[in-house]
Amino acid sequence: MKAFDELWASILEVGRDRHTNGYRRFAWGDADLTLREWFSDSAARRGMDVEEDRNGNLWAWWLPPGYRGEPREAFVTGSHLDSVPDGGAFDGPLGVVSAFAAIDVVRERGIVPDRPIAVTAFSDEEGARFGVACIGSQLSTGALAPGRALSLRDHDGITLAEAMTRAGRDPVHLGADPALAARVGVFVELHVEQGRALDLIDAPVAVASSIWPHGRWEFLFTGEANHAGATRLVDRRDPMLSFASAVHLARAAALSHEAVATFGKVQVLPNGTNAIASEVRAWLDARAADEPTLTRLVAQIQAEAAARAHADRIDLTVTAESVAPIVEFPAEVRDRLLRSLAMLGEVPILPTAAGHDAGILSEKVPTAMLFVRNPTGVSHSPAEFAEPTDCHHGVRALAQVMTDWVTAPVTT
């Protein structure tokens with residue numbers, strides 16, 4: 001599939017670190033701005049009008065002949081272009097590249113849409129720079145307050161407001177998009193699978209059923225800085241000890257709840273080899289199949305960590321940074337996708353524990369997701385992978401869904 005292959009090749013080196021081979025495409029950084037230019041150029045080559053909305057989300061529009069006024073009830077597809085630190089190539093960009101390639105397939109078939117089509121790239125989905133995931137879609141739906149978003153800081157102390165200003169944007173207009181529900185008839189996000197379910201059943205694509213509830217919690221362990229050699233063990237108030245225990249506690253609690261819990265980010269002060277830390281700031285990512293289980297899981301981790309911290313004479317403060325409820329994708333939209341894809345054979349239905357912009361948008365508009373097989377099962381890593389043939393299969397599936405939606409009356 002020439003269109004997909006050429007689009008994919010054109011971004012492979014953007015933001016790739018030559019030492020780790022992973023990607024560092026952080027919101028409003030150089031790589032992100034380069035990919036935004038790539039998005040606009042890809043849309044222009046297809047005669048699509050491009051806009052960047054008040055929250056930095058990109059939209060490329062294909063309007064039916066003679067269409068007048070603001071787009072309404074559009075078929076919208078896409079994903080995001082940013083990455084986690086040293087992430088893989090597929091998480092996010094696969095959905096955007098596949099969206100443009102699917103439009104090429106639809107046009108090659110001679111199909112003229114009877115309603116608008118849009119390709120989107122939502123801003124800062126991963127939350128790698130400012131610590132909150134899905135900033136662009138959360139702002140658009142009103143789930144994230146503009147004041148809080150603008151005050152978020154990266155590791156260097158730069159606020160989101162400052163980063164946007166440096167990138168030539170005016171952050172004063174951030175906030176809920178009042179036109180979102182009117183102009184989006186459905187949002188279908190194609191994404192690489194973040195697991196091995198499809199590989200285990202030998203299927204190239206799947207339709208999503210739901211997104212597990214999940215969240216991020218900041219654990220702040222505060223002790224006393226001191227000399228690593230001269231301080232007796234009994235005199236130490238070492239927050240690293242309490243933090244290390246919390247890592248093990250989280251793993252054990254997750255296992256008992258048939259859930260997942262991970263401390264994946266940590267900051268230490270003063271961070272010296274020969275110094276006892278004064279402070280350890282760590283972030284817990286926790287996910288479960290349902291909201292009551294997630295609540296019990298985090299409560300258990302917090303309580304056990306607090307007990308251990310007390311025994312170590314360490315102060316512990318826990319702050320919920322973001323908590324997303326379970327997302328059940330609408331059955332009528334999911335079933336319509338399955339009918340569209342019937343010609344491709346049996347398509348499995350799978351839940352996912354990974355968060356996505358589609359989950360955020362589901363509060364305001366009908367949403368659905370397509371997954372493309374990841375044979376390694378690895379994600380958020382340079383080892384993340386999808387075979388070209390499976391990517392092509394995903395493009396054809398998306399094109400089939402797109403064709404169905406823009407050539408027949410909306411029934412949802």
# chains A, B, ... in the order shown; residues from 1 in each chain; ligands from 1
call {"tool": "residues_around", "arguments": {"residues": "Ala246 in chain A", "least_positions_apart": "5", "cutoff": "8 Å", "atoms": "only C-alpha atoms", "output": "JSON, numbers by chain"}}
result
{"A": [301, 304, 305]}
call {"tool": "write_last_selection", "arguments": {"atoms": "all heavy atoms", "output": "mmCIF file, in the first residue's frame"}}
result
data_model
loop_
_atom_site.group_PDB
_atom_site.id
_atom_site.type_symbol
_atom_site.label_atom_id
_atom_site.label_comp_id
_atom_site.auth_asym_id
_atom_site.auth_seq_id
_atom_site.Cartn_x
_atom_site.Cartn_y
_atom_site.Cartn_z
ATOM 1 N N ILE A 301 -2.904 0.261 48.390
ATOM 2 C CA ILE A 301 -1.510 0.677 48.184
ATOM 3 C C ILE A 301 -1.184 1.877 49.057
ATOM 4 O O ILE A 301 -0.131 1.934 49.702
ATOM 5 C CB ILE A 301 -1.265 0.996 46.698
ATOM 6 C CG1 ILE A 301 -1.428 -0.267 45.847
ATOM 7 C CG2 ILE A 301 0.121 1.603 46.498
ATOM 8 C CD1 ILE A 301 -1.426 0.013 44.347
ATOM 9 N N GLU A 304 -1.025 0.828 52.899
ATOM 10 C CA GLU A 304 0.150 0.034 53.237
ATOM 11 C C GLU A 304 1.426 0.868 53.108
ATOM 12 O O GLU A 304 2.360 0.718 53.911
ATOM 13 C CB GLU A 304 0.210 -1.207 52.352
ATOM 14 C CG GLU A 304 -0.935 -2.188 52.647
ATOM 15 C CD GLU A 304 -0.872 -3.431 51.778
ATOM 16 O OE1 GLU A 304 0.022 -3.521 50.922
ATOM 17 O OE2 GLU A 304 -1.733 -4.326 51.968
ATOM 18 N N ALA A 305 1.458 1.747 52.102
ATOM 19 C CA ALA A 305 2.624 2.624 51.960
ATOM 20 C C ALA A 305 2.712 3.596 53.128
ATOM 21 O O ALA A 305 3.809 3.903 53.628
ATOM 22 C CB ALA A 305 2.549 3.373 50.638
#
call {"tool": "closest_atom_pairs", "arguments": {"of": "range 141-210 of chain A", "to": "range 340-349 of chain A", "cutoff": "8 Å", "atoms": "only C-alpha atoms", "output": "Markdown table"}}
result
| residue | atom | partner | partner_atom | distance |
| --- | --- | --- | --- | --- |
| A:Ala203 | CA | A:Val347 | CA | 7.6 |
| A:Val205 | CA | A:Val347 | CA | 6.7 |
| A:Ala206 | CA | A:Pro348 | CA | 5.0 |
| A:Val207 | CA | A:Ile349 | CA | 4.9 |
| A:Ala208 | CA | A:Ile349 | CA | 5.5 |
| A:Ser209 | CA | A:Ile349 | CA | 5.9 |
call {"tool": "write_last_selection", "arguments": {"atoms": "C-alpha atoms", "output": "mmCIF file, in the first residue's frame"}}
result
data_model
loop_
_atom_site.group_PDB
_atom_site.id
_atom_site.type_symbol
_atom_site.label_atom_id
_atom_site.label_comp_id
_atom_site.auth_asym_id
_atom_site.auth_seq_id
_atom_site.Cartn_x
_atom_site.Cartn_y
_atom_site.Cartn_z
ATOM 1 C CA ALA A 203 -6.149 -11.772 13.948
ATOM 2 C CA VAL A 205 -7.475 -6.139 13.600
ATOM 3 C CA ALA A 206 -10.051 -5.864 16.366
ATOM 4 C CA VAL A 207 -12.831 -3.571 17.525
ATOM 5 C CA ALA A 208 -12.666 -2.191 21.083
ATOM 6 C CA SER A 209 -15.352 -2.920 23.652
#
call {"tool": "residues_around", "arguments": {"residues": "Leu160 in chain A", "least_positions_apart": "6", "cutoff": "8 Å", "atoms": "only C-alpha atoms", "output": "list in words"}}
result
Phe130, Ala149, Leu150, Ser151, Leu152, Arg153 and Asp154 of chain A
call {"tool": "write_last_selection", "arguments": {"atoms": "C-alpha atoms", "output": "mmCIF file, in the first residue's frame"}}
result
data_model
loop_
_atom_site.group_PDB
_atom_site.id
_atom_site.type_symbol
_atom_site.label_atom_id
_atom_site.label_comp_id
_atom_site.auth_asym_id
_atom_site.auth_seq_id
_atom_site.Cartn_x
_atom_site.Cartn_y
_atom_site.Cartn_z
ATOM 1 C CA PHE A 130 3.474 17.989 31.712
ATOM 2 C CA ALA A 149 -3.650 23.073 32.351
ATOM 3 C CA LEU A 150 -1.793 26.342 31.903
ATOM 4 C CA SER A 151 -0.054 25.992 35.272
ATOM 5 C CA LEU A 152 1.249 22.470 34.610
ATOM 6 C CA ARG A 153 5.060 22.379 34.572
ATOM 7 C CA ASP A 154 7.560 20.111 32.871
#
call {"tool": "atom_distance", "arguments": {"atom1": "CA of Lys265 in chain A", "atom2": "CA of Thr352 in chain A"}}
result
22.1 Å
call {"tool": "closest_residue", "arguments": {"among": "A:Val184, A:Ala286, A:Leu350, A:Ala306", "to": "Phe243 in chain A", "atoms": "only C-alpha atoms"}}
result
A:Ala306
call {"tool": "decode", "arguments": {"residues": "range 261-305 of chain A", "atoms": "N, CA and C atoms", "output": "PDB file, in the first residue's frame"}}
result
ATOM      1  N   ALA A 261      -0.581  -2.165  38.569  1.00  0.00           N
ATOM      2  CA  ALA A 261      -0.153  -0.955  39.275  1.00  0.00           C
ATOM      3  C   ALA A 261       1.352  -0.816  39.102  1.00  0.00           C
ATOM      4  N   THR A 262       1.783   0.380  38.723  1.00  0.00           N
ATOM      5  CA  THR A 262       3.185   0.568  38.351  1.00  0.00           C
ATOM      6  C   THR A 262       3.700   1.921  38.825  1.00  0.00           C
ATOM      7  N   PHE A 263       4.827   1.913  39.521  1.00  0.00           N
ATOM      8  CA  PHE A 263       5.579   3.143  39.746  1.00  0.00           C
ATOM      9  C   PHE A 263       6.604   3.237  38.621  1.00  0.00           C
ATOM     10  N   GLY A 264       6.367   4.129  37.662  1.00  0.00           N
ATOM     11  CA  GLY A 264       7.247   4.215  36.503  1.00  0.00           C
ATOM     12  C   GLY A 264       8.040   5.500  36.398  1.00  0.00           C
ATOM     13  N   LYS A 265       7.733   6.465  37.254  1.00  0.00           N
ATOM     14  CA  LYS A 265       8.439   7.741  37.207  1.00  0.00           C
ATOM     15  C   LYS A 265       8.794   8.143  38.632  1.00  0.00           C
ATOM     16  N   VAL A 266      10.031   8.595  38.827  1.00  0.00           N
ATOM     17  CA  VAL A 266      10.478   8.969  40.166  1.00  0.00           C
ATOM     18  C   VAL A 266      11.470  10.123  40.081  1.00  0.00           C
ATOM     19  N   GLN A 267      11.376  11.040  41.036  1.00  0.00           N
ATOM     20  CA  GLN A 267      12.323  12.142  41.172  1.00  0.00           C
ATOM     21  C   GLN A 267      12.848  12.151  42.601  1.00  0.00           C
ATOM     22  N   VAL A 268      14.172  12.271  42.729  1.00  0.00           N
ATOM     23  CA  VAL A 268      14.824  12.183  44.037  1.00  0.00           C
ATOM     24  C   VAL A 268      15.590  13.469  44.315  1.00  0.00           C
ATOM     25  N   LEU A 269      15.485  13.971  45.537  1.00  0.00           N
ATOM     26  CA  LEU A 269      16.285  15.109  46.001  1.00  0.00           C
ATOM     27  C   LEU A 269      17.114  14.685  47.189  1.00  0.00           C
ATOM     28  N   PRO A 270      18.371  15.079  47.291  1.00  0.00           N
ATOM     29  CA  PRO A 270      19.136  15.882  46.316  1.00  0.00           C
ATOM     30  C   PRO A 270      19.706  15.074  45.171  1.00  0.00           C
ATOM     31  N   ASN A 271      19.457  13.771  45.143  1.00  0.00           N
ATOM     32  CA  ASN A 271      19.878  12.916  44.022  1.00  0.00           C
ATOM     33  C   ASN A 271      21.396  12.803  43.923  1.00  0.00           C
ATOM     34  N   GLY A 272      22.022  12.659  45.083  1.00  0.00           N
ATOM     35  CA  GLY A 272      23.471  12.502  45.123  1.00  0.00           C
ATOM     36  C   GLY A 272      23.858  11.079  45.495  1.00  0.00           C
ATOM     37  N   THR A 273      24.927  10.577  44.917  1.00  0.00           N
ATOM     38  CA  THR A 273      25.357   9.201  45.175  1.00  0.00           C
ATOM     39  C   THR A 273      25.716   8.984  46.638  1.00  0.00           C
ATOM     40  N   ASN A 274      26.308   9.979  47.269  1.00  0.00           N
ATOM     41  CA  ASN A 274      26.751   9.835  48.659  1.00  0.00           C
ATOM     42  C   ASN A 274      25.849  10.571  49.632  1.00  0.00           C
ATOM     43  N   ALA A 275      24.584  10.750  49.243  1.00  0.00           N
ATOM     44  CA  ALA A 275      23.639  11.476  50.098  1.00  0.00           C
ATOM     45  C   ALA A 275      22.380  10.647  50.334  1.00  0.00           C
ATOM     46  N   ILE A 276      21.908  10.687  51.558  1.00  0.00           N
ATOM     47  CA  ILE A 276      20.587  10.141  51.852  1.00  0.00           C
ATOM     48  C   ILE A 276      19.564  11.138  51.326  1.00  0.00           C
ATOM     49  N   ALA A 277      18.578  10.651  50.636  1.00  0.00           N
ATOM     50  CA  ALA A 277      17.591  11.543  50.011  1.00  0.00           C
ATOM     51  C   ALA A 277      16.752  12.274  51.052  1.00  0.00           C
ATOM     52  N   SER A 278      16.364  13.475  50.725  1.00  0.00           N
ATOM     53  CA  SER A 278      15.421  14.219  51.568  1.00  0.00           C
ATOM     54  C   SER A 278      13.990  14.029  51.089  1.00  0.00           C
ATOM     55  N   GLU A 279      13.862  13.709  49.798  1.00  0.00           N
ATOM     56  CA  GLU A 279      12.518  13.630  49.226  1.00  0.00           C
ATOM     57  C   GLU A 279      12.513  12.681  48.034  1.00  0.00           C
ATOM     58  N   VAL A 280      11.483  11.876  47.966  1.00  0.00           N
ATOM     59  CA  VAL A 280      11.251  11.035  46.793  1.00  0.00           C
ATOM     60  C   VAL A 280       9.829  11.294  46.312  1.00  0.00           C
ATOM     61  N   ARG A 281       9.738  11.736  45.074  1.00  0.00           N
ATOM     62  CA  ARG A 281       8.433  12.005  44.462  1.00  0.00           C
ATOM     63  C   ARG A 281       8.231  10.949  43.370  1.00  0.00           C
ATOM     64  N   ALA A 282       7.185  10.138  43.502  1.00  0.00           N
ATOM     65  CA  ALA A 282       6.961   9.031  42.572  1.00  0.00           C
ATOM     66  C   ALA A 282       5.512   9.014  42.118  1.00  0.00           C
ATOM     67  N   TRP A 283       5.326   8.507  40.916  1.00  0.00           N
ATOM     68  CA  TRP A 283       3.988   8.494  40.332  1.00  0.00           C
ATOM     69  C   TRP A 283       3.509   7.068  40.113  1.00  0.00           C
ATOM     70  N   LEU A 284       2.331   6.779  40.642  1.00  0.00           N
ATOM     71  CA  LEU A 284       1.703   5.464  40.505  1.00  0.00           C
ATOM     72  C   LEU A 284       0.697   5.501  39.370  1.00  0.00           C
ATOM     73  N   ASP A 285       0.821   4.550  38.467  1.00  0.00           N
ATOM     74  CA  ASP A 285      -0.173   4.325  37.428  1.00  0.00           C
ATOM     75  C   ASP A 285      -0.918   3.048  37.802  1.00  0.00           C
ATOM     76  N   ALA A 286      -2.239   3.139  37.959  1.00  0.00           N
ATOM     77  CA  ALA A 286      -3.036   1.977  38.362  1.00  0.00           C
ATOM     78  C   ALA A 286      -4.247   1.835  37.452  1.00  0.00           C
ATOM     79  N   ARG A 287      -4.586   0.583  37.112  1.00  0.00           N
ATOM     80  CA  ARG A 287      -5.694   0.284  36.200  1.00  0.00           C
ATOM     81  C   ARG A 287      -6.357  -1.014  36.638  1.00  0.00           C
ATOM     82  N   ALA A 288      -7.682  -1.061  36.446  1.00  0.00           N
ATOM     83  CA  ALA A 288      -8.430  -2.260  36.824  1.00  0.00           C
ATOM     84  C   ALA A 288      -9.634  -2.416  35.903  1.00  0.00           C
ATOM     85  N   ALA A 289     -10.255  -3.586  35.970  1.00  0.00           N
ATOM     86  CA  ALA A 289     -11.357  -3.884  35.055  1.00  0.00           C
ATOM     87  C   ALA A 289     -12.616  -3.089  35.369  1.00  0.00           C
ATOM     88  N   ASP A 290     -12.753  -2.602  36.620  1.00  0.00           N
ATOM     89  CA  ASP A 290     -13.931  -1.816  36.986  1.00  0.00           C
ATOM     90  C   ASP A 290     -13.534  -0.793  38.037  1.00  0.00           C
ATOM     91  N   GLU A 291     -14.386   0.205  38.214  1.00  0.00           N
ATOM     92  CA  GLU A 291     -14.049   1.313  39.098  1.00  0.00           C
ATOM     93  C   GLU A 291     -13.964   0.931  40.576  1.00  0.00           C
ATOM     94  N   PRO A 292     -14.878   0.108  41.115  1.00  0.00           N
ATOM     95  CA  PRO A 292     -14.728  -0.284  42.528  1.00  0.00           C
ATOM     96  C   PRO A 292     -13.407  -0.999  42.800  1.00  0.00           C
ATOM     97  N   THR A 293     -12.988  -1.854  41.873  1.00  0.00           N
ATOM     98  CA  THR A 293     -11.718  -2.556  42.063  1.00  0.00           C
ATOM     99  C   THR A 293     -10.554  -1.576  42.050  1.00  0.00           C
ATOM    100  N   LEU A 294     -10.589  -0.606  41.139  1.00  0.00           N
ATOM    101  CA  LEU A 294      -9.524   0.391  41.085  1.00  0.00           C
ATOM    102  C   LEU A 294      -9.466   1.184  42.385  1.00  0.00           C
ATOM    103  N   THR A 295     -10.614   1.574  42.902  1.00  0.00           N
ATOM    104  CA  THR A 295     -10.660   2.331  44.158  1.00  0.00           C
ATOM    105  C   THR A 295     -10.059   1.532  45.299  1.00  0.00           C
ATOM    106  N   ARG A 296     -10.443   0.254  45.403  1.00  0.00           N
ATOM    107  CA  ARG A 296      -9.901  -0.596  46.469  1.00  0.00           C
ATOM    108  C   ARG A 296      -8.403  -0.799  46.304  1.00  0.00           C
ATOM    109  N   LEU A 297      -7.962  -0.970  45.076  1.00  0.00           N
ATOM    110  CA  LEU A 297      -6.540  -1.188  44.807  1.00  0.00           C
ATOM    111  C   LEU A 297      -5.705  -0.010  45.279  1.00  0.00           C
ATOM    112  N   VAL A 298      -6.077   1.185  44.862  1.00  0.00           N
ATOM    113  CA  VAL A 298      -5.287   2.371  45.216  1.00  0.00           C
ATOM    114  C   VAL A 298      -5.362   2.638  46.716  1.00  0.00           C
ATOM    115  N   ALA A 299      -6.525   2.414  47.313  1.00  0.00           N
ATOM    116  CA  ALA A 299      -6.665   2.618  48.759  1.00  0.00           C
ATOM    117  C   ALA A 299      -5.750   1.671  49.528  1.00  0.00           C
ATOM    118  N   GLN A 300      -5.652   0.432  49.062  1.00  0.00           N
ATOM    119  CA  GLN A 300      -4.781  -0.530  49.725  1.00  0.00           C
ATOM    120  C   GLN A 300      -3.317  -0.128  49.597  1.00  0.00           C
ATOM    121  N   ILE A 301      -2.904   0.261  48.390  1.00  0.00           N
ATOM    122  CA  ILE A 301      -1.510   0.677  48.184  1.00  0.00           C
ATOM    123  C   ILE A 301      -1.184   1.877  49.057  1.00  0.00           C
ATOM    124  N   GLN A 302      -2.095   2.843  49.099  1.00  0.00           N
ATOM    125  CA  GLN A 302      -1.853   4.051  49.889  1.00  0.00           C
ATOM    126  C   GLN A 302      -1.761   3.727  51.380  1.00  0.00           C
ATOM    127  N   ALA A 303      -2.687   2.891  51.866  1.00  0.00           N
ATOM    128  CA  ALA A 303      -2.695   2.567  53.290  1.00  0.00           C
ATOM    129  C   ALA A 303      -1.437   1.804  53.699  1.00  0.00           C
ATOM    130  N   GLU A 304      -1.025   0.828  52.899  1.00  0.00           N
ATOM    131  CA  GLU A 304       0.150   0.034  53.237  1.00  0.00           C
ATOM    132  C   GLU A 304       1.426   0.868  53.108  1.00  0.00           C
ATOM    133  N   ALA A 305       1.458   1.747  52.102  1.00  0.00           N
ATOM    134  CA  ALA A 305       2.624   2.624  51.960  1.00  0.00           C
ATOM    135  C   ALA A 305       2.712   3.596  53.128  1.00  0.00           C
TER     136      ALA A 305
END
